[in-house]
Structures are given as C-alpha cells and as structure tokens.
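The next block is work.cif, given as mmCIF, C-alpha atoms.
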```cif
data_run
#
loop_
_atom_site.group_PDB
_atom_site.id
_atom_site.type_symbol
_atom_site.label_atom_id
_atom_site.label_comp_id
_atom_site.auth_asym_id
_atom_site.auth_seq_id
_atom_site.Cartn_x
_atom_site.Cartn_y
_atom_site.Cartn_z
ATOM 1 C CA MET Z 1 0.000 0.000 0.000
ATOM 2 C CA ALA Z 2 1.182 3.554 -0.731
ATOM 3 C CA VAL Z 3 2.445 6.260 1.594
ATOM 4 C CA ARG Z 4 -0.509 8.100 3.130
ATOM 5 C CA ILE Z 5 -0.977 11.881 3.143
ATOM 6 C CA VAL Z 6 -2.710 13.617 6.062
ATOM 7 C CA THR Z 7 -3.697 17.263 6.320
ATOM 8 C CA ASP Z 8 -6.254 19.383 8.165
ATOM 9 C CA SER Z 9 -9.327 21.319 7.085
ATOM 10 C CA ALA Z 10 -7.369 24.587 6.840
ATOM 11 C CA ALA Z 11 -6.122 23.272 3.479
ATOM 12 C CA GLY Z 12 -9.593 23.704 1.962
ATOM 13 C CA LEU Z 13 -9.276 20.738 -0.381
ATOM 14 C CA PRO Z 14 -12.402 19.984 -2.464
ATOM 15 C CA PRO Z 15 -14.054 16.631 -1.622
ATOM 16 C CA ASP Z 16 -13.506 15.145 -5.073
ATOM 17 C CA ILE Z 17 -9.745 15.751 -4.910
ATOM 18 C CA VAL Z 18 -9.649 14.286 -1.402
ATOM 19 C CA LYS Z 19 -11.429 11.194 -2.658
ATOM 20 C CA ASN Z 20 -9.453 10.772 -5.882
ATOM 21 C CA LEU Z 21 -6.076 11.114 -4.178
ATOM 22 C CA GLN Z 22 -7.108 9.366 -0.951
ATOM 23 C CA ILE Z 23 -5.928 12.235 1.243
ATOM 24 C CA ARG Z 24 -6.979 12.109 4.879
ATOM 25 C CA VAL Z 25 -8.385 15.474 6.020
ATOM 26 C CA ILE Z 26 -8.904 16.014 9.759
ATOM 27 C CA ASP Z 27 -11.338 18.768 10.700
ATOM 28 C CA LEU Z 28 -10.068 21.537 12.941
ATOM 29 C CA HIS Z 29 -12.498 22.567 15.670
ATOM 30 C CA VAL Z 30 -15.044 25.370 15.210
ATOM 31 C CA MET Z 31 -16.966 26.372 18.342
ATOM 32 C CA ASP Z 32 -19.986 28.606 18.797
ATOM 33 C CA ALA Z 33 -20.292 30.325 22.165
ATOM 34 C CA ALA Z 34 -22.555 33.258 23.027
ATOM 35 C CA GLY Z 35 -23.252 33.836 19.345
ATOM 36 C CA GLU Z 36 -19.578 34.153 18.410
ATOM 37 C CA GLN Z 37 -17.518 31.535 16.622
ATOM 38 C CA SER Z 38 -13.982 30.587 17.521
ATOM 39 C CA THR Z 39 -11.571 27.831 16.535
ATOM 40 C CA SER Z 40 -9.056 25.539 18.184
ATOM 41 C CA GLY Z 41 -6.324 23.240 16.950
ATOM 42 C CA LEU Z 42 -6.201 19.478 16.950
ATOM 43 C CA THR Z 43 -4.765 17.670 19.963
ATOM 44 C CA ALA Z 44 -1.865 15.237 19.971
ATOM 45 C CA LEU Z 45 -4.261 12.481 21.007
ATOM 46 C CA GLU Z 46 -6.579 13.148 18.049
ATOM 47 C CA LEU Z 47 -3.672 13.243 15.619
ATOM 48 C CA ALA Z 48 -1.984 10.132 17.006
ATOM 49 C CA ALA Z 49 -5.244 8.224 16.569
ATOM 50 C CA ALA Z 50 -5.617 9.461 12.986
ATOM 51 C CA TYR Z 51 -1.990 8.693 12.140
ATOM 52 C CA GLY Z 52 -2.422 5.207 13.592
ATOM 53 C CA ARG Z 53 -5.388 4.477 11.323
ATOM 54 C CA GLU Z 54 -3.555 5.771 8.276
ATOM 55 C CA MET Z 55 -0.434 3.791 9.204
ATOM 56 C CA GLU Z 56 -2.501 0.616 9.066
ATOM 57 C CA ARG Z 57 -3.714 1.547 5.596
ATOM 58 C CA SER Z 58 -0.180 2.247 4.431
ATOM 59 C CA THR Z 59 1.048 -1.087 5.854
ATOM 60 C CA ASP Z 60 3.833 0.915 7.518
ATOM 61 C CA ASP Z 61 5.035 2.644 4.324
ATOM 62 C CA GLY Z 62 4.651 5.883 6.272
ATOM 63 C CA ILE Z 63 2.731 9.160 6.488
ATOM 64 C CA VAL Z 64 3.391 12.731 5.393
ATOM 65 C CA ALA Z 65 1.421 15.127 7.622
ATOM 66 C CA ILE Z 66 0.963 18.707 6.373
ATOM 67 C CA HIS Z 67 -0.696 21.136 8.766
ATOM 68 C CA LEU Z 68 -1.594 24.782 9.318
ATOM 69 C CA SER Z 69 1.278 27.142 10.183
ATOM 70 C CA LYS Z 70 2.589 26.770 13.734
ATOM 71 C CA GLU Z 71 2.250 30.556 14.076
ATOM 72 C CA LEU Z 72 -1.498 30.322 13.445
ATOM 73 C CA SER Z 73 -2.448 27.134 15.307
ATOM 74 C CA SER Z 74 -1.288 24.723 17.984
ATOM 75 C CA THR Z 75 -1.919 21.844 15.573
ATOM 76 C CA TRP Z 76 1.664 21.658 14.309
ATOM 77 C CA SER Z 77 3.169 21.206 17.765
ATOM 78 C CA ALA Z 78 0.511 18.585 18.528
ATOM 79 C CA ALA Z 79 1.416 16.829 15.270
ATOM 80 C CA VAL Z 80 5.106 16.735 16.220
ATOM 81 C CA THR Z 81 4.167 15.206 19.588
ATOM 82 C CA ALA Z 82 1.859 12.662 17.925
ATOM 83 C CA SER Z 83 4.514 11.700 15.378
ATOM 84 C CA GLY Z 84 6.750 10.595 18.255
ATOM 85 C CA VAL Z 85 4.528 7.542 18.592
ATOM 86 C CA PHE Z 86 5.646 6.487 15.094
ATOM 87 C CA PRO Z 87 9.432 7.043 14.908
ATOM 88 C CA ASP Z 88 10.752 7.567 11.367
ATOM 89 C CA THR Z 89 7.402 6.717 9.756
ATOM 90 C CA VAL Z 90 5.422 9.956 10.253
ATOM 91 C CA LYS Z 91 7.088 13.022 8.738
ATOM 92 C CA VAL Z 92 5.472 16.327 9.763
ATOM 93 C CA VAL Z 93 5.699 19.295 7.393
ATOM 94 C CA GLU Z 94 5.580 22.811 8.844
ATOM 95 C CA SER Z 95 3.742 24.605 6.065
ATOM 96 C CA GLY Z 96 4.182 28.167 7.313
ATOM 97 C CA SER Z 97 0.928 28.797 5.509
ATOM 98 C CA ALA Z 98 -2.833 28.277 5.318
ATOM 99 C CA GLY Z 99 -5.337 27.506 2.597
ATOM 100 C CA MET Z 100 -4.533 25.913 -0.729
ATOM 101 C CA VAL Z 101 -0.757 26.177 -0.482
ATOM 102 C CA ILE Z 102 -1.197 23.399 2.091
ATOM 103 C CA GLY Z 103 -3.727 21.747 -0.215
ATOM 104 C CA ALA Z 104 -1.353 21.893 -3.190
ATOM 105 C CA ALA Z 105 1.429 20.342 -1.111
ATOM 106 C CA ALA Z 106 -0.907 17.530 -0.089
ATOM 107 C CA MET Z 107 -1.987 17.022 -3.705
ATOM 108 C CA SER Z 108 1.607 16.910 -4.890
ATOM 109 C CA ALA Z 109 2.678 14.381 -2.250
ATOM 110 C CA ALA Z 110 -0.452 12.261 -2.725
ATOM 111 C CA THR Z 111 -0.018 12.092 -6.496
ATOM 112 C CA LEU Z 112 3.519 10.784 -6.045
ATOM 113 C CA ALA Z 113 2.347 8.366 -3.347
ATOM 114 C CA ARG Z 114 -0.281 6.999 -5.707
ATOM 115 C CA ASP Z 115 2.494 6.286 -8.210
ATOM 116 C CA GLY Z 116 4.493 4.352 -5.628
ATOM 117 C CA ALA Z 117 6.972 7.006 -4.452
ATOM 118 C CA SER Z 118 8.837 6.550 -1.171
ATOM 119 C CA LEU Z 119 8.103 8.395 2.072
ATOM 120 C CA GLU Z 120 11.122 10.652 1.567
ATOM 121 C CA GLU Z 121 10.131 11.462 -2.022
ATOM 122 C CA CYS Z 122 6.591 12.404 -0.952
ATOM 123 C CA TYR Z 123 7.935 14.504 1.916
ATOM 124 C CA GLU Z 124 10.355 16.366 -0.368
ATOM 125 C CA ALA Z 125 7.581 17.008 -2.910
ATOM 126 C CA ALA Z 126 5.429 18.599 -0.203
ATOM 127 C CA LEU Z 127 8.331 20.783 0.952
ATOM 128 C CA ASP Z 128 9.127 21.839 -2.608
ATOM 129 C CA THR Z 129 5.530 22.893 -3.254
ATOM 130 C CA ILE Z 130 5.394 24.910 -0.039
ATOM 131 C CA LYS Z 131 8.670 26.688 -0.880
ATOM 132 C CA ARG Z 132 7.124 27.791 -4.174
ATOM 133 C CA GLY Z 133 3.815 28.780 -2.575
ATOM 134 C CA ARG Z 134 2.505 32.127 -1.430
ATOM 135 C CA THR Z 135 -0.856 33.159 0.060
ATOM 136 C CA TRP Z 136 -2.535 36.547 0.028
ATOM 137 C CA VAL Z 137 -5.858 37.463 1.642
ATOM 138 C CA TYR Z 138 -8.162 40.272 0.550
ATOM 139 C CA LEU Z 139 -10.310 41.460 3.460
ATOM 140 C CA ASN Z 140 -13.383 43.599 3.847
ATOM 141 C CA SER Z 141 -12.354 44.192 7.469
ATOM 142 C CA THR Z 142 -9.559 43.233 9.872
ATOM 143 C CA GLU Z 143 -11.952 43.026 12.832
ATOM 144 C CA GLU Z 144 -12.315 39.231 12.896
ATOM 145 C CA LEU Z 145 -8.562 38.712 12.641
ATOM 146 C CA ARG Z 146 -7.859 41.314 15.308
ATOM 147 C CA ARG Z 147 -10.243 39.615 17.738
ATOM 148 C CA SER Z 148 -8.717 36.207 17.074
ATOM 149 C CA GLY Z 149 -5.160 37.399 17.694
ATOM 150 C CA ARG Z 150 -3.994 36.115 14.282
ATOM 151 C CA LEU Z 151 -2.546 39.451 13.168
ATOM 152 C CA SER Z 152 1.115 40.256 13.654
ATOM 153 C CA THR Z 153 1.761 42.778 16.450
ATOM 154 C CA THR Z 154 2.579 45.568 13.998
ATOM 155 C CA THR Z 155 -0.506 44.983 11.875
ATOM 156 C CA ALA Z 156 -2.753 44.707 14.936
ATOM 157 C CA MET Z 157 -1.565 48.136 16.037
ATOM 158 C CA LEU Z 158 -2.591 49.489 12.637
ATOM 159 C CA SER Z 159 -5.975 47.745 12.532
ATOM 160 C CA THR Z 160 -7.983 50.803 13.612
ATOM 161 C CA ALA Z 161 -6.398 52.846 10.843
ATOM 162 C CA LEU Z 162 -7.374 50.135 8.347
ATOM 163 C CA LEU Z 163 -11.100 50.254 9.066
ATOM 164 C CA ALA Z 164 -11.909 52.389 6.028
ATOM 165 C CA THR Z 165 -9.665 50.471 3.648
ATOM 166 C CA LYS Z 166 -9.634 47.188 1.744
ATOM 167 C CA PRO Z 167 -6.462 45.605 3.162
ATOM 168 C CA ILE Z 168 -4.377 42.914 1.498
ATOM 169 C CA MET Z 169 -2.617 40.557 3.874
ATOM 170 C CA SER Z 170 0.077 38.008 3.150
ATOM 171 C CA ILE Z 171 1.286 35.035 5.150
ATOM 172 C CA VAL Z 172 4.962 35.748 5.790
ATOM 173 C CA SER Z 173 6.971 33.291 7.893
ATOM 174 C CA GLY Z 174 3.691 31.827 9.044
ATOM 175 C CA LYS Z 175 2.238 35.140 10.234
ATOM 176 C CA LEU Z 176 -0.304 37.485 8.673
ATOM 177 C CA GLU Z 177 1.312 40.746 7.602
ATOM 178 C CA LEU Z 178 -0.139 43.804 5.868
ATOM 179 C CA VAL Z 179 1.206 44.180 2.328
ATOM 180 C CA GLY Z 180 -1.197 46.759 0.954
ATOM 181 C CA LYS Z 181 -4.247 48.872 1.664
ATOM 182 C CA THR Z 182 -6.585 50.332 -0.927
ATOM 183 C CA ARG Z 183 -9.831 52.271 -0.898
ATOM 184 C CA THR Z 184 -11.773 50.065 -3.290
ATOM 185 C CA GLN Z 185 -12.052 46.421 -4.229
ATOM 186 C CA THR Z 186 -11.059 47.232 -7.807
ATOM 187 C CA LYS Z 187 -7.774 48.764 -6.686
ATOM 188 C CA ALA Z 188 -7.145 45.868 -4.318
ATOM 189 C CA PHE Z 189 -7.652 43.345 -7.108
ATOM 190 C CA THR Z 190 -5.370 45.301 -9.443
ATOM 191 C CA LYS Z 191 -2.633 45.291 -6.809
ATOM 192 C CA LEU Z 192 -3.046 41.550 -6.188
ATOM 193 C CA VAL Z 193 -2.847 40.738 -9.883
ATOM 194 C CA ASP Z 194 0.280 42.899 -10.256
ATOM 195 C CA LEU Z 195 1.948 41.200 -7.275
ATOM 196 C CA ILE Z 196 1.223 37.713 -8.580
ATOM 197 C CA ALA Z 197 2.083 38.418 -12.223
ATOM 198 C CA SER Z 198 5.420 40.012 -11.306
ATOM 199 C CA ARG Z 199 6.409 37.029 -9.173
ATOM 200 C CA ALA Z 200 5.322 34.584 -11.890
ATOM 201 C CA ASP Z 201 8.054 36.078 -14.096
ATOM 202 C CA GLY Z 202 6.502 34.737 -17.274
ATOM 203 C CA GLU Z 203 6.168 31.158 -15.996
ATOM 204 C CA PRO Z 204 2.861 29.249 -15.515
ATOM 205 C CA VAL Z 205 1.410 29.137 -12.007
ATOM 206 C CA PHE Z 206 -1.288 27.304 -10.068
ATOM 207 C CA VAL Z 207 -3.864 29.654 -8.485
ATOM 208 C CA ALA Z 208 -6.599 28.747 -6.011
ATOM 209 C CA LEU Z 209 -9.170 31.344 -4.973
ATOM 210 C CA GLN Z 210 -11.106 30.637 -1.773
ATOM 211 C CA HIS Z 211 -13.891 33.031 -0.831
ATOM 212 C CA ASN Z 212 -16.234 33.620 2.085
ATOM 213 C CA ASP Z 213 -19.656 34.374 0.600
ATOM 214 C CA ALA Z 214 -18.042 36.360 -2.215
ATOM 215 C CA GLU Z 215 -18.402 34.166 -5.297
ATOM 216 C CA GLU Z 216 -19.103 37.033 -7.692
ATOM 217 C CA SER Z 217 -16.034 38.962 -6.524
ATOM 218 C CA ALA Z 218 -13.877 35.835 -6.693
ATOM 219 C CA GLU Z 219 -14.981 35.219 -10.276
ATOM 220 C CA ARG Z 220 -14.107 38.830 -11.148
ATOM 221 C CA LEU Z 221 -10.628 38.402 -9.675
ATOM 222 C CA LEU Z 222 -10.277 35.101 -11.518
ATOM 223 C CA GLU Z 223 -10.963 36.827 -14.845
ATOM 224 C CA LEU Z 224 -8.247 39.402 -14.148
ATOM 225 C CA LEU Z 225 -5.740 36.727 -13.195
ATOM 226 C CA GLU Z 226 -6.512 34.595 -16.246
ATOM 227 C CA LYS Z 227 -5.786 37.580 -18.498
ATOM 228 C CA ALA Z 228 -2.570 38.561 -16.696
ATOM 229 C CA LEU Z 229 -0.891 35.202 -16.107
ATOM 230 C CA PRO Z 230 1.046 33.098 -18.630
ATOM 231 C CA LYS Z 231 -0.501 30.428 -20.805
ATOM 232 C CA GLY Z 232 -0.491 27.052 -19.080
ATOM 233 C CA SER Z 233 -1.477 28.466 -15.698
ATOM 234 C CA SER Z 234 -4.253 26.581 -13.903
ATOM 235 C CA PHE Z 235 -7.024 27.892 -11.677
ATOM 236 C CA MET Z 236 -9.670 26.780 -9.232
ATOM 237 C CA VAL Z 237 -12.321 28.589 -7.189
ATOM 238 C CA GLU Z 238 -13.741 27.198 -3.951
ATOM 239 C CA GLU Z 239 -15.532 28.444 -0.869
ATOM 240 C CA LEU Z 240 -13.280 29.290 2.045
ATOM 241 C CA THR Z 241 -13.273 26.470 4.567
ATOM 242 C CA GLU Z 242 -15.235 27.259 7.751
ATOM 243 C CA VAL Z 243 -12.238 27.268 10.080
ATOM 244 C CA LEU Z 244 -10.589 30.027 8.005
ATOM 245 C CA ALA Z 245 -13.814 31.908 7.250
ATOM 246 C CA VAL Z 246 -14.331 32.471 10.994
ATOM 247 C CA HIS Z 247 -11.159 34.570 11.093
ATOM 248 C CA ALA Z 248 -11.254 36.142 7.636
ATOM 249 C CA GLY Z 249 -14.829 37.458 7.868
ATOM 250 C CA PRO Z 250 -17.534 37.957 5.206
ATOM 251 C CA GLY Z 251 -16.371 38.974 1.752
ATOM 252 C CA ALA Z 252 -12.806 37.743 2.243
ATOM 253 C CA ILE Z 253 -10.927 36.089 -0.615
ATOM 254 C CA GLY Z 254 -7.824 33.979 -0.120
ATOM 255 C CA VAL Z 255 -5.451 33.732 -3.056
ATOM 256 C CA SER Z 256 -2.991 30.833 -2.894
ATOM 257 C CA VAL Z 257 -0.392 30.578 -5.639
ATOM 258 C CA VAL Z 258 2.222 27.928 -6.387
ATOM 259 C CA PHE Z 259 4.878 29.350 -8.691
ATOM 260 C CA SER Z 260 6.983 27.374 -11.156
ATOM 261 C CA LYS Z 261 10.089 28.383 -9.228
ATOM 262 C CA GLU Z 262 10.758 29.544 -5.697
ATOM 263 C CA PRO Z 263 10.462 33.338 -5.294
ATOM 264 C CA PRO Z 264 13.738 35.040 -4.289
ATOM 265 C CA GLU Z 265 14.249 35.597 -0.558
ATOM 266 C CA SER Z 266 14.038 39.336 -1.127
ATOM 267 C CA LEU Z 267 10.426 38.864 -2.253
ATOM 268 C CA THR Z 268 9.195 36.985 0.851
ATOM 269 C CA ARG Z 269 7.100 34.863 -0.465
ATOM 270 C CA THR Z 270 -12.385 26.842 -12.929
ATOM 271 C CA THR Z 271 -10.043 24.527 -14.562
ATOM 272 C CA SER Z 272 -10.148 20.734 -14.713
ATOM 273 C CA TYR Z 273 -8.440 19.037 -11.795
ATOM 274 C CA PRO Z 274 -5.802 17.221 -13.877
ATOM 275 C CA GLN Z 275 -4.378 20.665 -14.738
ATOM 276 C CA VAL Z 276 -4.506 21.648 -11.075
ATOM 277 C CA PHE Z 277 -2.211 18.726 -10.247
ATOM 278 C CA LYS Z 278 0.408 19.730 -12.780
ATOM 279 C CA LEU Z 279 2.181 22.683 -11.184
ATOM 280 C CA PRO Z 280 2.482 21.489 -7.589
ATOM 281 C CA LEU Z 281 4.289 18.421 -8.910
ATOM 282 C CA ALA Z 282 7.084 20.353 -10.608
ATOM 283 C CA HIS Z 283 10.344 20.350 -8.666
#
```
Mind converting the file's structure to structure tokens?
Amino acid sequence: MAVRIVTDSAAGLPPDIVKNLQIRVIDLHVMDAAGEQSTSGLTALELAAAYGREMERSTDDGIVAIHLSKELSSTWSAAVTASGVFPDTVKVVESGSAGMVIGAAAMSAATLARDGASLEECYEAALDTIKRGRTWVYLNSTEELRRSGRLSTTTAMLSTALLATKPIMSIVSGKLELVGKTRTQTKAFTKLVDLIASRADGEPVFVALQHNDAEESAERLLELLEKALPKGSSFMVEELTEVLAVHAGPGAIGVSVVFSKEPPESLTRTTSYPQVFKLPLAH
C-alpha cells in the first residue's frame, strides 16, 4: 500500500480531490459560544489516533502530515508530539501557511504516493511545493482577525487605521502581515494581480481562490488573473473552509499561488483538476 498523506481542514481541499487522491483530512475545531464563533487546533491524542489508522492503511510505508502554520495554530506542535509515537514513519511538514498552499502540497505528495513514491520522495515534494507557494488574503475588514489574535503585532496596532480600507494581507513566515491597503475592491484586485504576475516572471502558475460568501467577486478576480498570467497556468475557485472563514470574515478572498520556481528571498514569499495537479508536482 502507498504512503498516506494527512492534512487538516485549513487546506480547503475539495471533496472530489480528497477522494481521488485518498488524502486524509482532519477537521479543525469550530466552536460557537454566546453567538460568536472561535476555533481551536487538533490535539496530539486526536492526531496520534488518525496517524495510527492511516499507518494501518499504508502497511507501515509511512505518512506525510501537512498542517496549518505553527504561528497560526497549535496543531503543528501537537502533530510533532503525535509523530513521536511512530518514529521515522510519520514526517510532519511545517507549512508556514494556510489555505490551498497546504492543499497543493498535499496534492503533490499524494499524487507521487499513488504512483508508488517513497516516504522521503513524498515529503520532499510537499516541501518543494510549499517553498514555491505564497498566500494573500483580501479582506473587507480586519476586525475578525484582530479579535482572534492572528494578526502580527505591527498589523494589529494598525488595525484601527485600516477600518476604512480594503487591506491585502500576506502570510509571511507563518504570520499574517499587511502588504497593501486600498480604498476600493477594484484597486485591491489590481494590486493583487500585479503582485502575482510580477512574481510569476513569465512562468505558468497554479492559483486557487477561496472566498467567504463572495463568489461574484472571486470570479471577477479570476478573470483578471486569467488575463494577466502566462498560458499554461491553472485555476480553481472554492468556498473558504469554515475554520478560516471564521477569522477572515464575510467577503474575504484567499489567493494561494504555487509558482513554477521559488520566489527570491528578497520577495518573501475553474479549470479541470488534472491541470490543477500539474504545477504542484514540478520540482
């Protein structure tokens, strides 16, 4: 049996991809108390149990576990603890990200696993995809993120000043940082497209848009990206998974991109599914 790939619901993988590639997705916790939603990470006990079940299915070929950034959730540290139960057979990837960069890494590793690749090969494929990945988030408001404590200290201090803007955040070293603020959605989308196209440097990319009750806006952004990005790029549009929507708020759009090559350090980093698989696999 092949190496197994495990991730969490922050990846936002569509059910058909999960099924086709036999990826195990563990749901992060979403709680509702006094009319307000909050989230919590997975525990070591939960993860150890899940890894154990997947280990049986792999007949000890091993597991690659790819989870939400350790700066955004306690899940990664719990995963490291849980992996100690399975020495050398569970390899935990610190994604430093959220959304479909994690999903693309899981897809890449799972596609190789399906073809009989080794544990180390699947692990390296996941790492390679993450190195080439970048996530931006367009927000209607920073209020939900401010309340959740997911903003960097500097950005949190600026959150009041951002109330009248349409901020663009980026996940940098696992943390959400402000990379731009505009007065209108149109200007925000133009800035996002420019950022992504410049980093693509003429090479095809994989783009996943994940929205929170903003399908029309996501489709508009998709059109702009399709026009600006090189031929051979692939795209998908999905709803933002609940555990991320709680923090991003209504109208938010996450933009996850896997580039053909790793962006330089100085630049801190609806198509058919077969095309979606193509770019994350390049390394």
Per-residue nearest contacts range 57-137 of chain Z to range 253-257 of chain Z, cut-off 12 Å, using all atoms listed in the file, as a tab-separated table:
```
residue	atom	partner	partner_atom	distance
Z:Ser97	CA	Z:Ser256	CA	9.5
Z:Ala98	CA	Z:Ser256	CA	8.6
Z:Gly99	CA	Z:Ser256	CA	6.8
Z:Met100	CA	Z:Ser256	CA	5.6
Z:Val101	CA	Z:Ser256	CA	5.7
Z:Ile102	CA	Z:Ser256	CA	9.1
Z:Gly103	CA	Z:Ser256	CA	9.5
Z:Ala104	CA	Z:Val257	CA	9.1
Z:Ala105	CA	Z:Val257	CA	11.3
Z:Thr129	CA	Z:Val257	CA	10.0
Z:Ile130	CA	Z:Val257	CA	9.8
Z:Lys131	CA	Z:Val257	CA	10.9
Z:Arg132	CA	Z:Val257	CA	8.1
Z:Gly133	CA	Z:Val257	CA	5.5
Z:Arg134	CA	Z:Val257	CA	5.3
Z:Thr135	CA	Z:Ser256	CA	4.3
Z:Trp136	CA	Z:Val255	CA	5.1
Z:Val137	CA	Z:Gly254	CA	4.4
```
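By chain and then residue number, the residues within 8 Å of Thr89 in chain Z are Z:Asp60, Z:Asp61, Z:Gly62, Z:Ile63, Z:Leu119, counting only C-alpha atoms and disregarding those fewer than 6 positions away in sequence.
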Same residues, C-alpha atoms, saved as a PDB file, in the frame of the given file:
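Here's the written file selection-v2.pdb:
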```
ATOM      1  CA  ASP Z  60       3.833   0.915   7.518  1.00  0.00           C
ATOM      2  CA  ASP Z  61       5.035   2.644   4.324  1.00  0.00           C
ATOM      3  CA  GLY Z  62       4.651   5.883   6.272  1.00  0.00           C
ATOM      4  CA  ILE Z  63       2.731   9.160   6.488  1.00  0.00           C
ATOM      5  CA  LEU Z 119       8.103   8.395   2.072  1.00  0.00           C
TER       6      LEU Z 119
END
```
Exercise for the section: Give me the residues within 9 Å of Val193 in chain Z as a PyMOL selection string, counting all atoms listed in the file and dropping any in the same chain fewer than 2 places off. Expected result: chain Z and resi 188-191+195-198+221+224-225+228-229
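Coordinates place CA of Asp27 in chain Z at a distance of 24.2 Å from CA of Pro87 in chain Z.
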Exercise for the section: Using the chain letters and residue numbers of this document, give as a PyMOL selection string the residues selected by the PyMOL selection byres ((chain Z and resi 66) around 6). Expected result: chain Z and resi 7+65+67+93
Problem - Test item: residues at most 10 Å from Gln22 in chain Z, all atoms listed in the file, excluding those fewer than 5 positions along its chain, as an MDAnalysis selection string - result: chainID Z and resid 4:6 16:17 107 110:111 113:114
